[in-house]
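Enquirer: Handing over entry.csv, CSV, C-alpha atoms and all ligand atoms.
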chain,number,residue,atom,x,y,z
A,136,MET,CA,54.0,-100.6,25.2
A,137,ASN,CA,53.1,-97.2,24.0
A,138,THR,CA,50.8,-97.6,21.0
A,139,GLN,CA,49.0,-94.3,21.1
A,140,ASP,CA,51.7,-92.6,19.1
A,141,TYR,CA,51.0,-94.8,16.1
A,142,MET,CA,48.6,-94.0,13.2
A,143,TYR,CA,47.2,-97.5,12.4
A,144,LYS,CA,46.8,-100.8,14.0
A,145,VAL,CA,46.9,-103.6,11.4
A,146,ALA,CA,46.6,-107.2,12.3
A,147,ALA,CA,46.6,-110.6,10.5
A,148,SER,CA,45.9,-114.0,11.8
A,149,GLY,CA,47.7,-117.2,12.6
A,150,ARG,CA,45.7,-120.2,11.2
A,151,VAL,CA,44.7,-123.7,12.0
A,152,ASN,CA,44.3,-126.2,9.2
A,153,ILE,CA,41.3,-128.4,10.0
A,154,ILE,CA,42.0,-130.9,7.3
A,155,GLY,CA,43.8,-131.1,3.9
A,156,GLU,CA,47.5,-131.3,5.0
A,157,HIS,CA,50.3,-131.0,2.5
A,158,ILE,CA,47.7,-130.5,-0.2
A,159,ASP,CA,48.0,-126.8,-1.1
A,160,TYR,CA,51.2,-127.2,-3.1
A,161,CYS,CA,49.6,-130.3,-4.8
A,162,GLY,CA,46.8,-128.1,-6.2
A,163,GLY,CA,44.0,-129.5,-4.1
A,164,LYS,CA,41.4,-128.1,-1.7
A,165,VAL,CA,42.2,-127.4,2.0
A,166,MET,CA,40.1,-126.4,5.0
A,167,PRO,CA,41.9,-123.9,7.2
A,168,ALA,CA,40.5,-121.1,9.4
A,169,ALA,CA,42.0,-117.9,10.7
A,170,LEU,CA,42.6,-117.6,14.4
A,171,SER,CA,42.2,-114.9,17.0
A,172,LEU,CA,45.9,-115.4,17.7
A,173,LYS,CA,47.4,-112.6,15.6
A,174,ASN,CA,50.4,-110.5,14.7
A,175,THR,CA,49.5,-106.9,15.2
A,176,VAL,CA,51.5,-104.1,13.6
A,177,TYR,CA,51.3,-100.5,15.0
A,178,ILE,CA,52.6,-98.2,12.3
A,179,ARG,CA,53.2,-94.5,11.5
A,180,PRO,CA,55.1,-92.7,8.7
A,181,ASN,CA,58.4,-91.3,9.7
A,182,GLY,CA,59.4,-89.2,6.6
A,183,THR,CA,62.7,-91.1,6.0
A,184,ASN,CA,63.6,-93.9,3.7
A,185,LYS,CA,63.8,-96.4,6.5
A,186,ILE,CA,61.5,-98.9,8.0
A,187,ASN,CA,62.3,-99.0,11.7
A,188,LEU,CA,61.2,-102.1,13.5
A,189,SER,CA,60.6,-102.8,17.2
A,190,TRP,CA,58.8,-105.5,19.0
A,191,THR,CA,56.7,-105.7,22.1
A,192,THR,CA,58.4,-108.9,23.1
A,193,LEU,CA,62.1,-108.1,22.3
A,194,PRO,CA,64.6,-105.5,23.3
A,195,ASP,CA,66.0,-105.4,19.7
A,196,THR,CA,65.3,-102.6,17.2
A,197,VAL,CA,66.2,-102.9,13.5
A,198,SER,CA,66.3,-100.3,10.8
A,199,LEU,CA,65.7,-101.4,7.2
A,200,ASP,CA,66.9,-99.2,4.4
A,201,ILE,CA,64.1,-99.2,1.8
A,202,GLU,CA,66.7,-99.1,-1.1
A,203,ASN,CA,68.6,-102.1,0.2
A,204,LEU,CA,65.9,-104.6,1.3
A,205,GLU,CA,67.7,-107.5,-0.3
A,206,ASN,CA,70.4,-107.3,2.4
A,207,TYR,CA,68.5,-108.5,5.5
A,208,ARG,CA,68.1,-112.2,4.9
A,209,HIS,CA,70.6,-113.0,7.7
A,210,LEU,CA,68.6,-111.2,10.4
A,211,LYS,CA,67.2,-113.3,13.2
A,212,TYR,CA,64.4,-110.7,13.7
A,213,GLY,CA,63.3,-108.5,10.9
A,214,ASN,CA,64.0,-110.8,8.0
A,215,TYR,CA,60.3,-111.6,7.4
A,216,GLN,CA,59.4,-107.9,7.5
A,217,ALA,CA,62.3,-107.1,5.1
A,218,GLY,CA,61.3,-109.8,2.7
A,219,SER,CA,57.6,-108.8,2.8
A,220,ALA,CA,58.5,-105.2,2.1
A,221,LEU,CA,60.8,-106.1,-0.7
A,222,LEU,CA,58.4,-108.4,-2.5
A,223,TRP,CA,55.5,-105.9,-2.1
A,224,ARG,CA,57.7,-103.3,-3.7
A,225,GLN,CA,58.7,-105.6,-6.5
A,226,ALA,CA,55.0,-106.3,-7.1
A,227,GLY,CA,54.8,-102.6,-8.1
A,228,HIS,CA,53.6,-101.0,-4.8
A,229,LYS,CA,54.9,-97.9,-3.1
A,230,LEU,CA,56.8,-98.1,0.2
A,231,VAL,CA,57.0,-95.1,2.6
A,232,GLY,CA,59.4,-94.8,5.5
A,233,CYS,CA,57.7,-95.8,8.7
A,234,ASP,CA,58.0,-97.0,12.3
A,235,MET,CA,56.5,-100.4,13.0
A,236,LEU,CA,55.9,-101.9,16.4
A,237,GLN,CA,55.3,-105.6,16.0
A,238,ASP,CA,53.2,-107.5,18.6
A,239,CYS,CA,53.1,-111.2,17.8
A,240,LYS,CA,50.6,-113.4,19.7
A,241,VAL,CA,51.0,-116.3,17.4
A,242,PRO,CA,53.4,-118.6,19.2
A,243,PHE,CA,56.6,-119.2,17.2
A,244,GLY,CA,57.2,-122.7,15.9
A,245,SER,CA,53.7,-123.7,16.9
A,246,GLY,CA,52.6,-124.8,13.4
A,247,LEU,CA,50.0,-122.0,13.6
A,248,SER,CA,51.8,-119.9,11.0
A,249,SER,CA,53.3,-117.1,12.9
A,250,SER,CA,55.4,-116.4,9.8
A,251,ALA,CA,52.4,-115.9,7.5
A,252,ALA,CA,50.8,-113.7,10.1
A,253,ILE,CA,53.9,-111.5,10.3
A,254,GLU,CA,54.3,-111.3,6.5
A,255,VAL,CA,50.6,-110.6,5.8
A,256,SER,CA,50.2,-108.0,8.6
A,257,THR,CA,53.5,-106.3,7.6
A,258,ILE,CA,52.4,-105.9,4.0
A,259,ALA,CA,48.9,-104.8,4.9
A,260,ALA,CA,50.4,-102.2,7.3
A,261,LEU,CA,52.9,-100.9,4.7
A,262,ALA,CA,50.1,-100.5,2.1
A,263,THR,CA,47.8,-98.8,4.7
A,264,VAL,CA,50.5,-96.3,5.7
A,265,ALA,CA,51.2,-95.6,2.0
A,266,GLY,CA,47.5,-94.7,1.6
A,267,GLU,CA,46.8,-97.7,-0.7
A,268,GLN,CA,43.6,-99.7,-0.9
A,269,PHE,CA,44.6,-103.3,-1.4
A,270,ASP,CA,43.2,-106.7,-2.2
A,271,ASN,CA,43.7,-109.2,0.6
A,272,ALA,CA,44.3,-112.1,-1.8
A,273,GLU,CA,47.1,-110.1,-3.5
A,274,VAL,CA,48.6,-109.5,-0.1
A,275,ALA,CA,48.5,-113.3,0.5
A,276,LEU,CA,50.2,-114.1,-2.8
A,277,VAL,CA,53.0,-111.5,-2.2
A,278,ALA,CA,53.5,-112.8,1.4
A,279,GLN,CA,53.8,-116.3,0.1
A,280,LYS,CA,56.4,-115.1,-2.4
A,281,ALA,CA,58.3,-113.5,0.5
A,282,GLU,CA,58.3,-116.8,2.4
A,283,ARG,CA,59.5,-118.7,-0.6
A,284,GLU,CA,62.0,-116.2,-2.1
A,285,TYR,CA,63.3,-114.5,1.0
A,286,ALA,CA,62.9,-117.0,3.9
A,287,GLY,CA,63.6,-120.0,1.6
A,288,VAL,CA,60.6,-122.2,2.5
A,289,ASN,CA,58.9,-123.4,-0.7
A,290,CYS,CA,55.4,-123.2,0.9
A,291,GLY,CA,52.0,-123.4,-0.7
A,292,ILE,CA,49.4,-120.6,-0.4
A,293,MET,CA,47.2,-121.9,2.4
A,294,ASP,CA,48.8,-120.1,5.4
A,295,GLN,CA,49.0,-116.6,3.9
A,296,TYR,CA,45.6,-116.9,2.3
A,297,ALA,CA,44.0,-117.9,5.6
A,298,SER,CA,45.9,-115.2,7.4
A,299,ALA,CA,44.7,-112.5,5.0
A,300,CYS,CA,41.2,-113.7,4.0
A,301,GLY,CA,39.9,-115.6,6.9
A,302,LYS,CA,36.4,-114.8,8.3
A,303,LYS,CA,35.1,-114.8,11.9
A,304,GLY,CA,33.4,-118.1,12.7
A,305,MET,CA,34.0,-119.6,9.3
A,306,SER,CA,36.2,-122.4,8.0
A,307,MET,CA,37.5,-121.9,4.5
A,308,LEU,CA,37.4,-124.3,1.7
A,309,LEU,CA,40.2,-123.0,-0.5
A,310,ASP,CA,40.9,-124.4,-3.9
A,311,CYS,CA,44.6,-124.0,-4.1
A,312,LYS,CA,44.6,-124.3,-7.9
A,313,THR,CA,42.1,-121.6,-8.7
A,314,LEU,CA,42.2,-119.7,-5.4
A,315,GLU,CA,38.4,-119.9,-5.2
A,316,CYS,CA,37.4,-119.8,-1.6
A,317,GLU,CA,34.1,-120.8,0.0
A,318,TYR,CA,33.3,-120.1,3.6
A,319,LEU,CA,31.5,-122.6,5.7
A,320,PRO,CA,30.2,-121.8,9.2
A,321,MET,CA,32.4,-123.7,11.7
A,322,GLU,CA,29.4,-125.0,13.7
A,323,LEU,CA,30.7,-127.8,15.9
A,324,GLY,CA,27.5,-128.6,17.8
A,325,GLY,CA,28.4,-129.6,21.3
A,326,TYR,CA,32.1,-129.8,20.4
A,327,SER,CA,35.0,-127.4,20.8
A,328,MET,CA,38.3,-127.0,19.1
A,329,VAL,CA,41.3,-127.5,21.3
A,330,LEU,CA,44.8,-126.5,20.1
A,331,THR,CA,47.7,-128.1,21.9
A,332,ASP,CA,51.3,-127.3,21.3
A,333,CYS,CA,53.7,-130.2,21.7
A,334,CYS,CA,56.4,-127.6,22.4
A,335,LYS,CA,59.1,-129.4,20.6
A,336,PRO,CA,60.8,-126.8,18.5
A,337,HIS,CA,60.5,-127.3,14.7
A,338,SER,CA,61.4,-125.3,11.7
A,339,LEU,CA,60.1,-125.7,8.2
A,340,ALA,CA,63.3,-124.2,6.8
A,341,ASP,CA,65.2,-127.2,8.0
A,342,GLY,CA,64.6,-128.9,4.7
A,343,LYS,CA,62.2,-131.6,5.5
A,344,TYR,CA,59.2,-129.6,4.3
A,345,ASN,CA,61.0,-128.7,1.0
A,346,GLU,CA,61.9,-132.4,0.6
A,347,ARG,CA,58.3,-133.4,0.8
A,348,ARG,CA,57.4,-130.9,-1.7
A,349,SER,CA,60.0,-132.1,-4.2
A,350,GLU,CA,58.9,-135.7,-3.6
A,351,THR,CA,55.3,-134.8,-4.7
A,352,GLU,CA,56.7,-133.0,-7.8
A,353,GLU,CA,58.8,-136.0,-8.6
A,354,ALA,CA,55.8,-138.3,-8.2
A,355,LEU,CA,53.7,-136.0,-10.5
A,356,LYS,CA,56.4,-136.1,-13.2
A,357,ILE,CA,56.5,-139.9,-13.2
A,358,LEU,CA,52.7,-140.2,-13.3
A,359,GLN,CA,52.3,-137.6,-16.1
A,360,LYS,CA,54.1,-140.1,-18.4
A,361,SER,CA,50.9,-142.1,-18.4
A,362,LEU,CA,48.2,-139.8,-17.1
A,363,ASN,CA,46.8,-136.5,-18.2
A,364,ILE,CA,47.0,-134.6,-14.9
A,365,THR,CA,48.3,-131.2,-14.1
A,366,CYS,CA,48.8,-131.6,-10.4
A,367,LEU,CA,48.9,-134.4,-7.9
A,368,ALA,CA,45.6,-133.5,-6.4
A,369,ASP,CA,44.0,-134.3,-9.8
A,370,LEU,CA,44.9,-137.9,-9.3
A,371,THR,CA,41.7,-140.0,-8.7
A,372,PRO,CA,41.8,-143.1,-6.5
A,373,VAL,CA,41.1,-145.2,-9.5
A,374,GLN,CA,44.0,-143.7,-11.4
A,375,PHE,CA,46.2,-144.1,-8.4
A,376,ALA,CA,45.3,-147.8,-8.2
A,377,GLN,CA,46.2,-148.3,-11.8
A,378,CYS,CA,49.4,-146.4,-11.9
A,379,SER,CA,50.9,-146.5,-8.4
A,380,HIS,CA,53.3,-149.4,-9.5
A,381,MET,CA,55.1,-146.7,-11.6
A,382,LEU,CA,56.3,-145.0,-8.4
A,383,PRO,CA,59.2,-145.9,-6.2
A,384,LYS,CA,58.1,-146.9,-2.7
A,385,VAL,CA,58.5,-143.6,-0.9
A,386,LEU,CA,56.9,-141.6,-3.7
A,387,LYS,CA,54.0,-144.0,-3.7
A,388,MET,CA,53.4,-143.4,0.0
A,389,ARG,CA,53.4,-139.6,-0.6
A,390,ALA,CA,51.0,-139.8,-3.5
A,391,GLU,CA,48.7,-142.2,-1.6
A,392,HIS,CA,48.5,-139.6,1.2
A,393,VAL,CA,47.6,-136.9,-1.3
A,394,VAL,CA,44.9,-138.9,-3.0
A,395,ASN,CA,43.3,-140.0,0.3
A,396,GLU,CA,43.6,-136.6,2.0
A,397,CYS,CA,41.9,-134.9,-1.0
A,398,ALA,CA,39.0,-137.3,-0.6
A,399,ARG,CA,38.9,-136.6,3.1
A,400,VAL,CA,38.6,-132.9,2.5
A,401,LYS,CA,35.6,-133.5,0.2
A,402,THR,CA,34.0,-135.7,2.9
A,403,ALA,CA,34.8,-133.2,5.6
A,404,GLU,CA,33.0,-130.5,3.6
A,405,GLN,CA,29.9,-132.7,3.5
A,406,ALA,CA,30.2,-133.5,7.1
A,407,LEU,CA,30.5,-129.9,8.2
A,408,ARG,CA,27.6,-128.9,6.0
A,409,ALA,CA,25.5,-131.7,7.4
A,410,GLY,CA,26.5,-131.0,11.0
A,411,ASN,CA,28.0,-134.5,11.3
A,412,ILE,CA,30.9,-133.5,13.6
A,413,GLU,CA,31.5,-137.1,14.6
A,414,LEU,CA,32.4,-137.9,11.0
A,415,LEU,CA,34.6,-134.8,10.8
A,416,GLY,CA,36.4,-136.2,13.9
A,417,ARG,CA,37.0,-139.6,12.3
A,418,LEU,CA,38.4,-137.9,9.2
A,419,ILE,CA,40.8,-135.9,11.4
A,420,ASN,CA,42.0,-139.1,13.0
A,421,GLN,CA,42.6,-140.7,9.6
A,422,SER,CA,44.5,-137.6,8.4
A,423,HIS,CA,46.9,-137.9,11.4
A,424,ALA,CA,47.4,-141.6,10.7
A,425,SER,CA,48.2,-140.8,7.1
A,426,LEU,CA,50.6,-138.0,8.0
A,427,LYS,CA,52.3,-140.4,10.4
A,428,ASN,CA,52.5,-143.5,8.2
A,429,LEU,CA,52.5,-142.3,4.6
A,430,TYR,CA,53.7,-138.7,4.5
A,431,GLN,CA,55.9,-139.1,7.6
A,432,THR,CA,55.7,-135.5,8.8
A,433,THR,CA,54.7,-136.2,12.4
A,434,GLY,CA,57.3,-137.6,14.8
A,435,PHE,CA,57.4,-139.1,18.3
A,436,GLU,CA,56.0,-136.2,20.3
A,437,PRO,CA,53.2,-135.2,17.9
A,438,ASP,CA,52.1,-138.8,17.7
A,439,VAL,CA,52.0,-139.2,21.5
A,440,LEU,CA,50.0,-136.0,21.7
A,441,ALA,CA,47.5,-136.8,18.9
A,442,GLU,CA,47.1,-140.5,19.9
A,443,ALA,CA,46.6,-139.7,23.6
A,444,ALA,CA,43.9,-137.3,22.6
A,445,GLN,CA,42.3,-139.8,20.3
A,446,ASN,CA,42.1,-142.3,23.2
A,447,TYR,CA,40.1,-139.9,25.4
A,448,PRO,CA,36.4,-140.8,25.1
A,449,ALA,CA,35.2,-137.1,24.9
A,450,CYS,CA,37.6,-136.4,22.0
A,451,ILE,CA,36.3,-137.4,18.6
A,452,GLY,CA,39.3,-136.4,16.5
A,453,SER,CA,42.8,-135.2,16.9
A,454,ARG,CA,45.7,-134.6,14.5
A,455,LEU,CA,48.8,-132.6,13.9
A,456,THR,CA,48.0,-129.4,12.0
A,457,GLY,CA,50.4,-127.5,9.7
A,458,GLY,CA,53.7,-128.3,8.1
A,459,GLY,CA,54.6,-131.0,10.7
A,460,PHE,CA,57.6,-132.3,12.6
A,461,GLY,CA,56.3,-130.5,15.7
A,462,GLY,CA,53.8,-127.8,16.5
A,463,CYS,CA,50.1,-128.1,17.4
A,464,THR,CA,47.4,-130.6,17.3
A,465,ILE,CA,43.8,-129.7,16.7
A,466,SER,CA,41.3,-131.8,18.7
A,467,LEU,CA,37.6,-131.8,18.7
A,468,VAL,CA,36.3,-132.3,22.2
A,469,LYS,CA,32.9,-132.4,23.9
A,470,THR,CA,32.6,-128.8,25.2
A,471,GLU,CA,31.7,-129.7,28.7
A,472,CYS,CA,34.8,-132.0,29.0
A,473,VAL,CA,37.4,-129.6,27.6
A,474,ASP,CA,39.0,-128.8,31.0
A,475,GLU,CA,39.3,-132.5,32.1
A,476,PHE,CA,40.6,-133.3,28.6
A,477,THR,CA,43.4,-130.8,28.7
A,478,ASP,CA,44.4,-131.9,32.2
A,479,TYR,CA,44.6,-135.5,31.1
A,480,LEU,CA,46.4,-134.7,27.9
A,481,LEU,CA,49.1,-132.5,29.4
A,482,LYS,CA,49.8,-135.1,32.1
A,483,VAL,CA,50.0,-138.1,29.8
A,484,TYR,CA,52.1,-136.2,27.3
A,485,GLU,CA,54.6,-135.1,30.0
A,486,ARG,CA,54.8,-138.6,31.4
A,487,ARG,CA,55.6,-140.1,28.0
A,488,THR,CA,57.8,-137.4,26.5
A,489,GLY,CA,59.2,-135.3,29.3
A,490,TYR,CA,58.0,-132.1,27.5
A,491,HIS,CA,55.3,-129.8,28.9
A,492,ALA,CA,52.6,-129.2,26.2
A,493,LYS,CA,50.6,-126.0,26.1
A,494,CYS,CA,46.9,-125.5,25.2
A,495,TYR,CA,46.0,-122.3,23.4
A,496,SER,CA,42.5,-120.8,23.6
A,497,ALA,CA,41.6,-119.2,20.3
A,498,ASP,CA,38.5,-118.5,18.3
A,499,ILE,CA,38.1,-118.4,14.5
A,500,ASP,CA,38.4,-114.8,13.5
A,501,ASP,CA,38.8,-112.4,10.7
A,502,GLY,CA,42.1,-112.3,8.7
A,503,ILE,CA,43.4,-108.8,8.0
A,504,THR,CA,41.9,-106.0,10.2
A,505,ILE,CA,42.8,-102.3,10.1
A,506,GLU,CA,42.1,-99.7,12.7
A,507,LYS,CA,42.9,-96.0,12.5
A,508,LEU,CA,44.3,-94.9,15.9
A,601,LIG,C1,53.0,-125.2,5.9
A,601,LIG,C2,53.0,-124.5,4.6
A,601,LIG,C3,51.7,-124.6,3.9
A,601,LIG,C4,51.2,-126.0,3.8
A,601,LIG,C5,51.3,-126.7,5.2
A,601,LIG,C6,51.0,-128.2,5.1
A,601,LIG,O1,52.2,-124.6,6.9
A,601,LIG,O2,53.4,-123.1,4.8
A,601,LIG,O3,51.8,-124.0,2.6
A,601,LIG,O4,51.9,-126.7,2.8
A,601,LIG,O5,52.6,-126.6,5.7
A,601,LIG,O6,49.7,-128.4,4.8
Transcribe the structure of this file into C-alpha cells.
Ligand code: GLA
Expert:
Amino acid sequence: MNTQDYMYKVAASGRVNIIGEHIDYCGGKVMPAALSLKNTVYIRPNGTNKINLSWTTLPDTVSLDIENLENYRHLKYGNYQAGSALLWRQAGHKLVGCDMLQDCKVPFGSGLSSSAAIEVSTIAALATVAGEQFDNAEVALVAQKAEREYAGVNCGIMDQYASACGKKGMSMLLDCKTLECEYLPMELGGYSMVLTDCCKPHSLADGKYNERRSETEEALKILQKSLNITCLADLTPVQFAQCSHMLPKVLKMRAEHVVNECARVKTAEQALRAGNIELLGRLINQSHASLKNLYQTTGFEPDVLAEAAQNYPACIGSRLTGGGFGGCTISLVKTECVDEFTDYLLKVYERRTGYHAKCYSADIDDGITIEKL
C-alpha cells in the first residue's frame, strides 16, 4: 500500500452501541461509542471530474463520474462512496475530482457499522480535499441520508453520529430527537469491554430492519389516537400500561421493548456516572433478553453467544449490539479474566453452532480524524 502519494489521511470510526438498541429512530436516547476500528481514506485531488476509488483489501478499482453519481447504486463496491458524494453535493457542497484509497478495518457485517464509517470518512475526505471546513454533525446527517436514500436502509442517526462525533475514552449519550450529545467517561473499573463477532453474515438491507422500523411507526400512529406523543420514545411506562391494549400483539411487543430500553438507558447513564458497572452489566443482559423476546432481532447464533457469555462468572453483562440478526456482542468482563473468557466463549460457541466466532480488540476512540500527509 503506497500511501505517501496522497495528500490527506481521513478516518472515521466504527461504533459499538453500549445500550439503547432500536431506539434512535424512535426518538430516544442511545449510548454508543466510537471505536479504534476505522475506515481510513487516503485522498488527493486529480484535476478531473472523476472520483477514482481503490481499496487496500480489493483488486477492484472504480471510477465515479461526478456528474452521474446517481448511477452507481448497483455497484458491489463503491456504492456507499457514490451515495455519500452525491448526497454531500446535494446538500450544497463542492466536489472536486480525486483519487481515494479506502482502507477499511471495521469488519463487514459485524454490526459495528462499517457502512457508517465508510460514508462518514468519505464525506469528510471529500470536504477536506475541496478545502472546506465542515461540521462533524452535518457530515453525520448527510451520511445517514446516503444510507437511507442510496443504500436503502431506513436507519436512524446513531451510527453515523457516533462515527463522526465520537471522542476517545468517552461513551456518548445522544438524544436522537434533538441531537444533543453528552460525553461520559467510559470508566469500567476493573472490567473490560470484549467484542465478539458471531460471524454469521447479516445484512440490514434484507428488510428485517426496515420492517422493525415500520412496526414502531405503526404502533406510534395507533397510540397517538389516545396519547399526545410525538415519538415512541416519549411513551412512559404508565402510558404504556394504560394503552397497550390498543396495539396488536406484535406491535405491543415492539413498543414494550422501546419503553423498557429507554428506561434502561436512563439507568445506565446513572450507573456509569456512579461507577456502578455491575448495574450496567445487568442492564446489558436485560437489553439482550428484550431484543430476543420482544423485539426479535437476535437469532440462534447471537443468543448462544450472548447467553454463553452471561453464564461465565467473570462476565457481568453481554448483549448483541447494533441492528441485529447477526454481528457482534459486547460483553463486560473482569479485566484479568478476559483471555480465559474468550477461550471459553469461542469454544462453547463453536460446539453449539458450528461457527467460529472472532474477538476484536478495540478501544474507544475519536470519530473523524484528519491528517495532512
Ligand atoms: C443499525 C442502524 C441504527 C440503529 C441500530 C439499532 O445500526 O443503522 O440507526 O437503529 O441499527 O439500534
Enquirer: Using all atoms listed in the file for the distances, tell me which of A:Gln237, A:Ser248, A:Ser171, A:Gln377 is nearest to Gly304 in chain A.
Expert: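 Looking only at the distances to Gly304 in chain A, the closest residue turns out to be A:Ser171.
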Enquirer: With only C-alpha atoms as the atoms that count, which of A:Gly291, A:Gly244, A:Gly452, A:Gly162 lies nearest to Ala368 in chain A?
Expert: A:Gly162
Enquirer: Please compute the CA of Ala424 in chain A-CA of Cys397 in chain A distance, one decimal, in Å.
Expert: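 If I compute the distance from CA of Ala424 in chain A to CA of Cys397 in chain A, I get 14.6 Å.
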Enquirer: At a cut-off of 8 Å and counting only C-alpha atoms and all ligand atoms, what residues surround ligand LIG 601 (chain A)? Please answer as a VMD selection string.
Expert: chain A and resid 152 155 to 160 246 to 248 251 288 to 295 339 344 456 to 459
Enquirer: Just the residues within 9 Å of Cys334 in chain A, please, counting all atoms listed in the file, with nothing from its chain fewer than 2 positions along; format it as a VMD selection string.
Expert: chain A and resid 244 to 245 331 to 332 336 to 337 436 461 to 463 490 to 493
Enquirer: Restricting the calculation to only C-alpha atoms: of A:Lys144, A:Glu267, A:Asn174, A:Leu480, which residue gets closest to Val329 in chain A?
Expert: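 Of A:Lys144, A:Glu267, A:Asn174, A:Leu480, the one nearest Val329 in chain A is A:Leu480, counting only C-alpha atoms.
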Enquirer: What is the CA of Leu362 in chain A-CA of His380 in chain A distance in Å, reported with one decimal?
Expert: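 The value is 13.3 Å.
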Enquirer: Skip Ala409 in chain A itself and residues of its chain fewer than 2 positions away, then list as number ranges by chain all residues within 12 Å of it, counting only C-alpha atoms.
Expert: A: 319-324, 402-407, 411-415
Enquirer: (47.8, -139.1, 27.9) in this file's frame - what residues fall within 9 Å of it? Use all atoms listed in the file and give the answer as a PyMOL selection string.
Expert: chain A and resi 439-440+442-444+446-447+479-487
Enquirer: Quick check, in Å to one decimal: how far apart do CA of Val197 in chain A and CA of Arg283 in chain A lie?
Expert: 22.2 Å
Enquirer: Please provide the set of residues having any atom within 8 Å of Leu308 in chain A, restricted to only C-alpha atoms, with same-chain residues fewer than 3 positions apart removed, written as a JSON list (two decimals) with C-alpha atoms, in the coordinates of the input.
Expert:
[["chain", "number", "residue", "atom", "x", "y", "z"],
["A", 164, "LYS", "CA", 41.40, -128.10, -1.70],
["A", 165, "VAL", "CA", 42.20, -127.40, 2.00],
["A", 166, "MET", "CA", 40.10, -126.40, 5.00],
["A", 167, "PRO", "CA", 41.90, -123.90, 7.20],
["A", 316, "CYS", "CA", 37.40, -119.80, -1.60],
["A", 317, "GLU", "CA", 34.10, -120.80, 0.00],
["A", 318, "TYR", "CA", 33.30, -120.10, 3.60],
["A", 319, "LEU", "CA", 31.50, -122.60, 5.70],
["A", 404, "GLU", "CA", 33.00, -130.50, 3.60]]
Enquirer: Between A:Thr488, A:Gly416, A:Ala265, A:Ala297, which has the minimum distance to Asp500 in chain A (counting only C-alpha atoms)?
Expert: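 Result for the nearest residue to Asp500 in chain A: A:Ala297.
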Enquirer: Anything within 12 Å of (40.4, -110.7, 4.7): list those residues as a ChimeraX atom specification, counting only C-alpha atoms and sticking to the file's coordinates.
Expert: /A:145-148,168-169,255-256,259,269-275,295-303,305,307,316,318,500-505
Enquirer: Quick one: residues within 8 Å of Ile451 in chain A, only C-alpha atoms counted, chain neighbours fewer than 6 positions away excluded, as a VMD selection string?
Expert: chain A and resid 413 416 to 417 445 466 to 468
Enquirer: Show which residues sit within 9 Å of range 211-213 of chain A, as a PyMOL selection string. Count all atoms listed in the file, and ignore same-chain residues fewer than 4 positions away.
Expert: chain A and resi 188-189+195-199+207+217-218
Enquirer: Using all atoms listed in the file, which of the listed residues (A:Phe460, A:Tyr215, A:Phe375, A:Trp223) sits closest to Lys335 in chain A?
Expert: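 Counting all atoms listed in the file, the residue closest to Lys335 in chain A is A:Phe460.
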